[in-house]
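**Student:** Let me begin by handing over the structure; questions about it come next.
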Amino acid sequence: MADAPTVETSKKWASLRQIRAAIGHFELKQYECAVTLAGAGESILPENPLMHLFNVLKGKFSGKELNLFRNWLKHATGPDKMIIDELEVVVAISRVIQKFVATYEESHSDFQKFSDWAIQAGYIKTPLIEKKT
């Protein structure tokens with residue numbers, strides 16, 4: 001197919017699209033998709049030393065604990081069934097939003113809406129899009 005459609009993208013744009021899609025799936029309560037897309041969007045971002053949520057959590061939990069649901073969704077190993085609660089998905093999306101904002105010093109209106117909702121729902125106390133140092 002010589003004329004098949006293509007998309008030129010970058011790690012930044014792919015991450016942004018994955019985060020926005022994760023938020024959309026979260027709103028539809030499609031938690032498996034939301035966690036998977038949030039994890040993918042987080043994984044392709046470069047490491048940075050700023051104290052965004054993932055870097056804070058890495059100091060308190062093992063990688064296995066931090067990525068339990070994400071890894072279960074990607075691999076055939078583990079139990080056949082799991083229960084994914086809303087908090088797990090909120091944390092996954094919060095991690096990637098903060099890492100994106102810390103990495104690129106940019107945000108998106110979908111990040112703001114999710115952050116506002118998470119504050120109102122009592123999951124977080126400060127906006128996710130504030131610059132962390």
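Residue numbers start at 1 in each chain; chains themselves are named A, B, ... in the order of the structure tokens; ligands are numbered from 1 in the order shown.
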Excluding same-chain residues fewer than 3 positions from A:Arg20, what lies within 10 Å of it counting only C-alpha atoms, as a compact mmCIF listing (two decimals) with N, CA and C atoms, in the first residue's frame?
**Tutor:**
# COMPACT_ATOMS: atom_id res chain seq x y z
N ALA A 14 3.17 11.73 21.25
CA ALA A 14 2.61 10.41 21.54
C ALA A 14 2.21 10.32 23.00
N SER A 15 3.06 10.82 23.89
CA SER A 15 2.73 10.81 25.30
C SER A 15 1.47 11.64 25.58
N LEU A 16 1.42 12.83 25.00
CA LEU A 16 0.26 13.69 25.19
C LEU A 16 -1.02 12.99 24.73
N ARG A 17 -0.98 12.38 23.58
CA ARG A 17 -2.17 11.68 23.07
C ARG A 17 -2.55 10.50 23.97
N ILE A 23 -7.29 9.61 30.07
CA ILE A 23 -8.32 10.37 30.78
C ILE A 23 -9.69 10.06 30.20
N GLY A 24 -9.80 9.98 28.90
CA GLY A 24 -11.07 9.64 28.26
C GLY A 24 -11.57 8.26 28.67
N HIS A 25 -10.68 7.29 28.70
CA HIS A 25 -11.08 5.94 29.13
C HIS A 25 -11.44 5.93 30.61
N PHE A 26 -10.74 6.71 31.42
CA PHE A 26 -11.07 6.81 32.84
C PHE A 26 -12.51 7.31 33.00
N ALA A 34 -7.26 2.82 30.58
CA ALA A 34 -6.71 4.04 31.18
C ALA A 34 -5.35 3.78 31.82
N LEU A 37 -2.70 3.01 28.95
CA LEU A 37 -2.30 4.21 28.21
C LEU A 37 -1.52 5.19 29.08
N ALA A 38 -1.91 5.35 30.34
CA ALA A 38 -1.15 6.23 31.24
C ALA A 38 0.27 5.69 31.40
N GLY A 41 2.26 6.33 28.20
CA GLY A 41 2.60 7.74 28.10
C GLY A 41 3.71 8.13 29.06
N ILE A 93 -2.77 8.08 36.24
CA ILE A 93 -2.93 9.27 35.41
C ILE A 93 -2.23 10.47 36.04
N ILE A 97 0.70 12.76 34.22
CA ILE A 97 0.47 14.19 34.04
C ILE A 97 1.62 14.98 34.66
N HIS A 108 -2.03 20.83 29.42
CA HIS A 108 -3.14 20.73 28.47
C HIS A 108 -4.42 20.94 29.27
N SER A 109 -5.43 21.45 28.63
CA SER A 109 -6.70 21.70 29.33
C SER A 109 -7.29 20.40 29.90
N ASP A 110 -7.06 19.26 29.25
CA ASP A 110 -7.54 17.98 29.80
C ASP A 110 -6.84 17.65 31.12
N PHE A 111 -5.57 18.04 31.25
CA PHE A 111 -4.85 17.82 32.50
C PHE A 111 -5.49 18.66 33.61
N PHE A 114 -8.85 17.13 34.67
CA PHE A 114 -8.65 15.95 35.49
C PHE A 114 -8.16 16.35 36.88
**Student:** Under the rule that only C-alpha atoms are counted, which of A:Asn67, A:Thr126, A:Ser94, A:Thr6 is the nearest residue to A:Ile19?
**Tutor:** A:Ser94
**Student:** Could you check the closest approach to A:Met82 for each of A:Ile119, A:Ala21, A:Val7, A:Leu68 and tell me which residue wins, using only C-alpha atoms?
**Tutor:**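 For A:Met82, the nearest of the candidates is A:Leu68.
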**Student:** Give me, as a PDB file with N, CA and C atoms, in the first residue's frame, the residues of chain A that a backbone DSSP run labels alpha helix (DSSP H).
**Tutor:**
ATOM      1  N   LYS A  11       7.950  11.639  20.695  1.00  0.00           N
ATOM      2  CA  LYS A  11       7.687  11.083  22.033  1.00  0.00           C
ATOM      3  C   LYS A  11       6.744  12.002  22.807  1.00  0.00           C
ATOM      4  N   LYS A  12       6.967  13.304  22.693  1.00  0.00           N
ATOM      5  CA  LYS A  12       6.118  14.276  23.390  1.00  0.00           C
ATOM      6  C   LYS A  12       4.664  14.173  22.945  1.00  0.00           C
ATOM      7  N   TRP A  13       4.429  14.193  21.631  1.00  0.00           N
ATOM      8  CA  TRP A  13       3.056  14.156  21.118  1.00  0.00           C
ATOM      9  C   TRP A  13       2.406  12.811  21.374  1.00  0.00           C
ATOM     10  N   ALA A  14       3.173  11.734  21.251  1.00  0.00           N
ATOM     11  CA  ALA A  14       2.615  10.405  21.536  1.00  0.00           C
ATOM     12  C   ALA A  14       2.206  10.319  22.996  1.00  0.00           C
ATOM     13  N   SER A  15       3.064  10.817  23.885  1.00  0.00           N
ATOM     14  CA  SER A  15       2.728  10.807  25.305  1.00  0.00           C
ATOM     15  C   SER A  15       1.473  11.636  25.576  1.00  0.00           C
ATOM     16  N   LEU A  16       1.424  12.828  25.004  1.00  0.00           N
ATOM     17  CA  LEU A  16       0.255  13.687  25.194  1.00  0.00           C
ATOM     18  C   LEU A  16      -1.021  12.989  24.734  1.00  0.00           C
ATOM     19  N   ARG A  17      -0.976  12.377  23.577  1.00  0.00           N
ATOM     20  CA  ARG A  17      -2.167  11.676  23.070  1.00  0.00           C
ATOM     21  C   ARG A  17      -2.553  10.498  23.966  1.00  0.00           C
ATOM     22  N   GLN A  18      -1.558   9.783  24.452  1.00  0.00           N
ATOM     23  CA  GLN A  18      -1.838   8.647  25.332  1.00  0.00           C
ATOM     24  C   GLN A  18      -2.445   9.118  26.652  1.00  0.00           C
ATOM     25  N   ILE A  19      -1.932  10.208  27.197  1.00  0.00           N
ATOM     26  CA  ILE A  19      -2.480  10.740  28.454  1.00  0.00           C
ATOM     27  C   ILE A  19      -3.928  11.172  28.258  1.00  0.00           C
ATOM     28  N   ARG A  20      -4.179  11.911  27.185  1.00  0.00           N
ATOM     29  CA  ARG A  20      -5.538  12.372  26.925  1.00  0.00           C
ATOM     30  C   ARG A  20      -6.489  11.188  26.704  1.00  0.00           C
ATOM     31  N   ALA A  21      -6.014  10.159  26.013  1.00  0.00           N
ATOM     32  CA  ALA A  21      -6.834   8.965  25.804  1.00  0.00           C
ATOM     33  C   ALA A  21      -7.062   8.242  27.127  1.00  0.00           C
ATOM     34  N   ALA A  22      -6.049   8.206  27.987  1.00  0.00           N
ATOM     35  CA  ALA A  22      -6.199   7.573  29.306  1.00  0.00           C
ATOM     36  C   ALA A  22      -7.289   8.284  30.110  1.00  0.00           C
ATOM     37  N   ILE A  23      -7.288   9.608  30.071  1.00  0.00           N
ATOM     38  CA  ILE A  23      -8.318  10.375  30.777  1.00  0.00           C
ATOM     39  C   ILE A  23      -9.694  10.060  30.199  1.00  0.00           C
ATOM     40  N   GLY A  24      -9.796   9.982  28.897  1.00  0.00           N
ATOM     41  CA  GLY A  24     -11.074   9.641  28.260  1.00  0.00           C
ATOM     42  C   GLY A  24     -11.571   8.261  28.673  1.00  0.00           C
ATOM     43  N   HIS A  25     -10.681   7.289  28.698  1.00  0.00           N
ATOM     44  CA  HIS A  25     -11.079   5.944  29.132  1.00  0.00           C
ATOM     45  C   HIS A  25     -11.438   5.929  30.612  1.00  0.00           C
ATOM     46  N   PHE A  26     -10.736   6.707  31.416  1.00  0.00           N
ATOM     47  CA  PHE A  26     -11.073   6.811  32.837  1.00  0.00           C
ATOM     48  C   PHE A  26     -12.506   7.311  33.004  1.00  0.00           C
ATOM     49  N   GLU A  27     -12.849   8.336  32.263  1.00  0.00           N
ATOM     50  CA  GLU A  27     -14.200   8.900  32.349  1.00  0.00           C
ATOM     51  C   GLU A  27     -15.261   7.881  31.966  1.00  0.00           C
ATOM     52  N   TYR A  31     -11.071   1.149  33.020  1.00  0.00           N
ATOM     53  CA  TYR A  31      -9.853   1.308  33.805  1.00  0.00           C
ATOM     54  C   TYR A  31      -8.647   0.580  33.212  1.00  0.00           C
ATOM     55  N   GLU A  32      -8.875  -0.569  32.594  1.00  0.00           N
ATOM     56  CA  GLU A  32      -7.745  -1.300  32.008  1.00  0.00           C
ATOM     57  C   GLU A  32      -7.054  -0.451  30.932  1.00  0.00           C
ATOM     58  N   CYS A  33      -7.853   0.140  30.080  1.00  0.00           N
ATOM     59  CA  CYS A  33      -7.303   0.985  29.005  1.00  0.00           C
ATOM     60  C   CYS A  33      -6.638   2.228  29.592  1.00  0.00           C
ATOM     61  N   ALA A  34      -7.261   2.825  30.582  1.00  0.00           N
ATOM     62  CA  ALA A  34      -6.713   4.042  31.185  1.00  0.00           C
ATOM     63  C   ALA A  34      -5.347   3.780  31.817  1.00  0.00           C
ATOM     64  N   VAL A  35      -5.216   2.690  32.568  1.00  0.00           N
ATOM     65  CA  VAL A  35      -3.934   2.369  33.205  1.00  0.00           C
ATOM     66  C   VAL A  35      -2.875   2.057  32.158  1.00  0.00           C
ATOM     67  N   THR A  36      -3.237   1.289  31.156  1.00  0.00           N
ATOM     68  CA  THR A  36      -2.285   0.911  30.110  1.00  0.00           C
ATOM     69  C   THR A  36      -1.790   2.142  29.348  1.00  0.00           C
ATOM     70  N   LEU A  37      -2.697   3.013  28.953  1.00  0.00           N
ATOM     71  CA  LEU A  37      -2.301   4.209  28.215  1.00  0.00           C
ATOM     72  C   LEU A  37      -1.519   5.191  29.081  1.00  0.00           C
ATOM     73  N   ALA A  38      -1.910   5.352  30.336  1.00  0.00           N
ATOM     74  CA  ALA A  38      -1.150   6.226  31.236  1.00  0.00           C
ATOM     75  C   ALA A  38       0.269   5.692  31.405  1.00  0.00           C
ATOM     76  N   GLY A  39       0.404   4.385  31.566  1.00  0.00           N
ATOM     77  CA  GLY A  39       1.727   3.779  31.707  1.00  0.00           C
ATOM     78  C   GLY A  39       2.573   3.935  30.462  1.00  0.00           C
ATOM     79  N   ALA A  40       1.959   3.786  29.304  1.00  0.00           N
ATOM     80  CA  ALA A  40       2.695   3.954  28.051  1.00  0.00           C
ATOM     81  C   ALA A  40       3.146   5.407  27.890  1.00  0.00           C
ATOM     82  N   GLY A  41       2.257   6.329  28.197  1.00  0.00           N
ATOM     83  CA  GLY A  41       2.603   7.744  28.103  1.00  0.00           C
ATOM     84  C   GLY A  41       3.707   8.135  29.063  1.00  0.00           C
ATOM     85  N   GLU A  42       3.733   7.501  30.209  1.00  0.00           N
ATOM     86  CA  GLU A  42       4.780   7.765  31.200  1.00  0.00           C
ATOM     87  C   GLU A  42       6.114   7.153  30.775  1.00  0.00           C
ATOM     88  N   SER A  43       6.072   5.938  30.265  1.00  0.00           N
ATOM     89  CA  SER A  43       7.300   5.214  29.931  1.00  0.00           C
ATOM     90  C   SER A  43       8.109   5.855  28.819  1.00  0.00           C
ATOM     91  N   LEU A  53       5.286  13.213  40.996  1.00  0.00           N
ATOM     92  CA  LEU A  53       4.718  12.131  41.801  1.00  0.00           C
ATOM     93  C   LEU A  53       5.462  10.812  41.655  1.00  0.00           C
ATOM     94  N   PHE A  54       5.817  10.421  40.457  1.00  0.00           N
ATOM     95  CA  PHE A  54       6.480   9.129  40.276  1.00  0.00           C
ATOM     96  C   PHE A  54       7.817   9.096  40.995  1.00  0.00           C
ATOM     97  N   ASN A  55       8.591  10.164  40.928  1.00  0.00           N
ATOM     98  CA  ASN A  55       9.875  10.186  41.627  1.00  0.00           C
ATOM     99  C   ASN A  55       9.690  10.131  43.137  1.00  0.00           C
ATOM    100  N   VAL A  56       8.654  10.756  43.650  1.00  0.00           N
ATOM    101  CA  VAL A  56       8.366  10.682  45.083  1.00  0.00           C
ATOM    102  C   VAL A  56       7.992   9.254  45.455  1.00  0.00           C
ATOM    103  N   LEU A  57       7.118   8.639  44.671  1.00  0.00           N
ATOM    104  CA  LEU A  57       6.677   7.274  44.974  1.00  0.00           C
ATOM    105  C   LEU A  57       7.809   6.260  44.868  1.00  0.00           C
ATOM    106  N   LYS A  58       8.761   6.475  43.942  1.00  0.00           N
ATOM    107  CA  LYS A  58       9.896   5.554  43.791  1.00  0.00           C
ATOM    108  C   LYS A  58      10.721   5.483  45.064  1.00  0.00           C
ATOM    109  N   GLY A  63       9.472  -0.891  42.424  1.00  0.00           N
ATOM    110  CA  GLY A  63       8.928  -0.828  41.070  1.00  0.00           C
ATOM    111  C   GLY A  63       7.804  -1.818  40.873  1.00  0.00           C
ATOM    112  N   LYS A  64       7.934  -2.981  41.491  1.00  0.00           N
ATOM    113  CA  LYS A  64       6.882  -4.004  41.382  1.00  0.00           C
ATOM    114  C   LYS A  64       5.574  -3.495  41.988  1.00  0.00           C
ATOM    115  N   GLU A  65       5.675  -2.844  43.143  1.00  0.00           N
ATOM    116  CA  GLU A  65       4.477  -2.305  43.788  1.00  0.00           C
ATOM    117  C   GLU A  65       3.880  -1.151  42.977  1.00  0.00           C
ATOM    118  N   LEU A  66       4.743  -0.290  42.466  1.00  0.00           N
ATOM    119  CA  LEU A  66       4.272   0.889  41.732  1.00  0.00           C
ATOM    120  C   LEU A  66       3.575   0.544  40.427  1.00  0.00           C
ATOM    121  N   LEU A  68       2.138  -2.608  39.616  1.00  0.00           N
ATOM    122  CA  LEU A  68       1.443  -3.892  39.740  1.00  0.00           C
ATOM    123  C   LEU A  68       0.366  -4.062  38.669  1.00  0.00           C
ATOM    124  N   PHE A  69      -0.550  -3.124  38.575  1.00  0.00           N
ATOM    125  CA  PHE A  69      -1.660  -3.265  37.625  1.00  0.00           C
ATOM    126  C   PHE A  69      -1.194  -3.072  36.192  1.00  0.00           C
ATOM    127  N   ARG A  70      -0.328  -2.111  35.998  1.00  0.00           N
ATOM    128  CA  ARG A  70       0.208  -1.857  34.661  1.00  0.00           C
ATOM    129  C   ARG A  70       0.897  -3.109  34.114  1.00  0.00           C
ATOM    130  N   ASN A  71       1.726  -3.739  34.921  1.00  0.00           N
ATOM    131  CA  ASN A  71       2.435  -4.942  34.464  1.00  0.00           C
ATOM    132  C   ASN A  71       1.486  -6.121  34.289  1.00  0.00           C
ATOM    133  N   TRP A  72       0.513  -6.247  35.165  1.00  0.00           N
ATOM    134  CA  TRP A  72      -0.455  -7.331  35.041  1.00  0.00           C
ATOM    135  C   TRP A  72      -1.218  -7.209  33.716  1.00  0.00           C
ATOM    136  N   LEU A  73      -1.523  -5.980  33.331  1.00  0.00           N
ATOM    137  CA  LEU A  73      -2.255  -5.746  32.082  1.00  0.00           C
ATOM    138  C   LEU A  73      -1.406  -5.996  30.836  1.00  0.00           C
ATOM    139  N   LYS A  74      -0.090  -5.995  30.981  1.00  0.00           N
ATOM    140  CA  LYS A  74       0.809  -6.162  29.836  1.00  0.00           C
ATOM    141  C   LYS A  74       1.316  -7.589  29.649  1.00  0.00           C
ATOM    142  N   GLU A  86     -10.731   2.782  41.455  1.00  0.00           N
ATOM    143  CA  GLU A  86     -10.573   4.119  40.906  1.00  0.00           C
ATOM    144  C   GLU A  86      -9.274   4.777  41.365  1.00  0.00           C
ATOM    145  N   LEU A  87      -8.898   4.578  42.620  1.00  0.00           N
ATOM    146  CA  LEU A  87      -7.674   5.189  43.142  1.00  0.00           C
ATOM    147  C   LEU A  87      -6.453   4.770  42.336  1.00  0.00           C
ATOM    148  N   GLU A  88      -6.358   3.513  41.966  1.00  0.00           N
ATOM    149  CA  GLU A  88      -5.213   3.045  41.177  1.00  0.00           C
ATOM    150  C   GLU A  88      -5.117   3.786  39.853  1.00  0.00           C
ATOM    151  N   VAL A  89      -6.240   4.032  39.236  1.00  0.00           N
ATOM    152  CA  VAL A  89      -6.257   4.712  37.944  1.00  0.00           C
ATOM    153  C   VAL A  89      -5.937   6.191  38.126  1.00  0.00           C
ATOM    154  N   VAL A  90      -6.462   6.797  39.162  1.00  0.00           N
ATOM    155  CA  VAL A  90      -6.166   8.203  39.443  1.00  0.00           C
ATOM    156  C   VAL A  90      -4.662   8.383  39.666  1.00  0.00           C
ATOM    157  N   VAL A  91      -4.047   7.473  40.391  1.00  0.00           N
ATOM    158  CA  VAL A  91      -2.606   7.561  40.628  1.00  0.00           C
ATOM    159  C   VAL A  91      -1.839   7.409  39.315  1.00  0.00           C
ATOM    160  N   ALA A  92      -2.222   6.446  38.481  1.00  0.00           N
ATOM    161  CA  ALA A  92      -1.531   6.231  37.205  1.00  0.00           C
ATOM    162  C   ALA A  92      -1.609   7.478  36.326  1.00  0.00           C
ATOM    163  N   ILE A  93      -2.773   8.079  36.243  1.00  0.00           N
ATOM    164  CA  ILE A  93      -2.933   9.274  35.411  1.00  0.00           C
ATOM    165  C   ILE A  93      -2.226  10.470  36.043  1.00  0.00           C
ATOM    166  N   SER A  94      -2.303  10.583  37.352  1.00  0.00           N
ATOM    167  CA  SER A  94      -1.620  11.683  38.045  1.00  0.00           C
ATOM    168  C   SER A  94      -0.115  11.608  37.843  1.00  0.00           C
ATOM    169  N   ARG A  95       0.437  10.398  37.927  1.00  0.00           N
ATOM    170  CA  ARG A  95       1.877  10.216  37.718  1.00  0.00           C
ATOM    171  C   ARG A  95       2.299  10.737  36.351  1.00  0.00           C
ATOM    172  N   VAL A  96       1.582  10.337  35.316  1.00  0.00           N
ATOM    173  CA  VAL A  96       2.005  10.716  33.969  1.00  0.00           C
ATOM    174  C   VAL A  96       1.764  12.202  33.697  1.00  0.00           C
ATOM    175  N   ILE A  97       0.695  12.756  34.221  1.00  0.00           N
ATOM    176  CA  ILE A  97       0.468  14.192  34.036  1.00  0.00           C
ATOM    177  C   ILE A  97       1.620  14.981  34.665  1.00  0.00           C
ATOM    178  N   GLN A  98       1.964  14.652  35.904  1.00  0.00           N
ATOM    179  CA  GLN A  98       3.032  15.396  36.561  1.00  0.00           C
ATOM    180  C   GLN A  98       4.375  15.208  35.864  1.00  0.00           C
ATOM    181  N   LYS A  99       4.657  14.012  35.383  1.00  0.00           N
ATOM    182  CA  LYS A  99       5.920  13.789  34.694  1.00  0.00           C
ATOM    183  C   LYS A  99       5.951  14.563  33.384  1.00  0.00           C
ATOM    184  N   PHE A 100       4.851  14.582  32.654  1.00  0.00           N
ATOM    185  CA  PHE A 100       4.790  15.340  31.402  1.00  0.00           C
ATOM    186  C   PHE A 100       5.018  16.825  31.669  1.00  0.00           C
ATOM    187  N   VAL A 101       4.309  17.375  32.639  1.00  0.00           N
ATOM    188  CA  VAL A 101       4.436  18.798  32.961  1.00  0.00           C
ATOM    189  C   VAL A 101       5.858  19.109  33.436  1.00  0.00           C
ATOM    190  N   ALA A 102       6.441  18.244  34.251  1.00  0.00           N
ATOM    191  CA  ALA A 102       7.809  18.463  34.726  1.00  0.00           C
ATOM    192  C   ALA A 102       8.812  18.385  33.570  1.00  0.00           C
ATOM    193  N   THR A 103       8.575  17.494  32.645  1.00  0.00           N
ATOM    194  CA  THR A 103       9.505  17.287  31.531  1.00  0.00           C
ATOM    195  C   THR A 103       9.449  18.419  30.522  1.00  0.00           C
ATOM    196  N   TYR A 104       8.258  18.813  30.131  1.00  0.00           N
ATOM    197  CA  TYR A 104       8.110  19.777  29.040  1.00  0.00           C
ATOM    198  C   TYR A 104       7.703  21.179  29.487  1.00  0.00           C
ATOM    199  N   SER A 109      -5.434  21.454  28.625  1.00  0.00           N
ATOM    200  CA  SER A 109      -6.700  21.696  29.331  1.00  0.00           C
ATOM    201  C   SER A 109      -7.286  20.405  29.904  1.00  0.00           C
ATOM    202  N   ASP A 110      -7.060  19.259  29.253  1.00  0.00           N
ATOM    203  CA  ASP A 110      -7.543  17.984  29.805  1.00  0.00           C
ATOM    204  C   ASP A 110      -6.844  17.654  31.122  1.00  0.00           C
ATOM    205  N   PHE A 111      -5.567  18.041  31.247  1.00  0.00           N
ATOM    206  CA  PHE A 111      -4.845  17.822  32.504  1.00  0.00           C
ATOM    207  C   PHE A 111      -5.489  18.655  33.609  1.00  0.00           C
ATOM    208  N   GLN A 112      -5.816  19.902  33.270  1.00  0.00           N
ATOM    209  CA  GLN A 112      -6.434  20.799  34.251  1.00  0.00           C
ATOM    210  C   GLN A 112      -7.789  20.254  34.700  1.00  0.00           C
ATOM    211  N   LYS A 113      -8.591  19.797  33.760  1.00  0.00           N
ATOM    212  CA  LYS A 113      -9.911  19.255  34.108  1.00  0.00           C
ATOM    213  C   LYS A 113      -9.781  18.030  35.003  1.00  0.00           C
ATOM    214  N   PHE A 114      -8.852  17.134  34.669  1.00  0.00           N
ATOM    215  CA  PHE A 114      -8.648  15.947  35.493  1.00  0.00           C
ATOM    216  C   PHE A 114      -8.162  16.350  36.881  1.00  0.00           C
ATOM    217  N   SER A 115      -7.221  17.283  36.946  1.00  0.00           N
ATOM    218  CA  SER A 115      -6.696  17.760  38.223  1.00  0.00           C
ATOM    219  C   SER A 115      -7.810  18.368  39.077  1.00  0.00           C
ATOM    220  N   ASP A 116      -8.629  19.207  38.484  1.00  0.00           N
ATOM    221  CA  ASP A 116      -9.756  19.817  39.211  1.00  0.00           C
ATOM    222  C   ASP A 116     -10.694  18.746  39.746  1.00  0.00           C
ATOM    223  N   TRP A 117     -10.999  17.742  38.918  1.00  0.00           N
ATOM    224  CA  TRP A 117     -11.870  16.660  39.355  1.00  0.00           C
ATOM    225  C   TRP A 117     -11.232  15.897  40.517  1.00  0.00           C
ATOM    226  N   ALA A 118      -9.935  15.585  40.413  1.00  0.00           N
ATOM    227  CA  ALA A 118      -9.245  14.807  41.452  1.00  0.00           C
ATOM    228  C   ALA A 118      -9.223  15.563  42.783  1.00  0.00           C
ATOM    229  N   ILE A 119      -9.090  16.879  42.721  1.00  0.00           N
ATOM    230  CA  ILE A 119      -9.152  17.686  43.945  1.00  0.00           C
ATOM    231  C   ILE A 119     -10.555  17.627  44.527  1.00  0.00           C
ATOM    232  N   GLN A 120     -11.555  17.846  43.688  1.00  0.00           N
ATOM    233  CA  GLN A 120     -12.949  17.835  44.145  1.00  0.00           C
ATOM    234  C   GLN A 120     -13.343  16.468  44.705  1.00  0.00           C
TER     235      GLN A 120
END
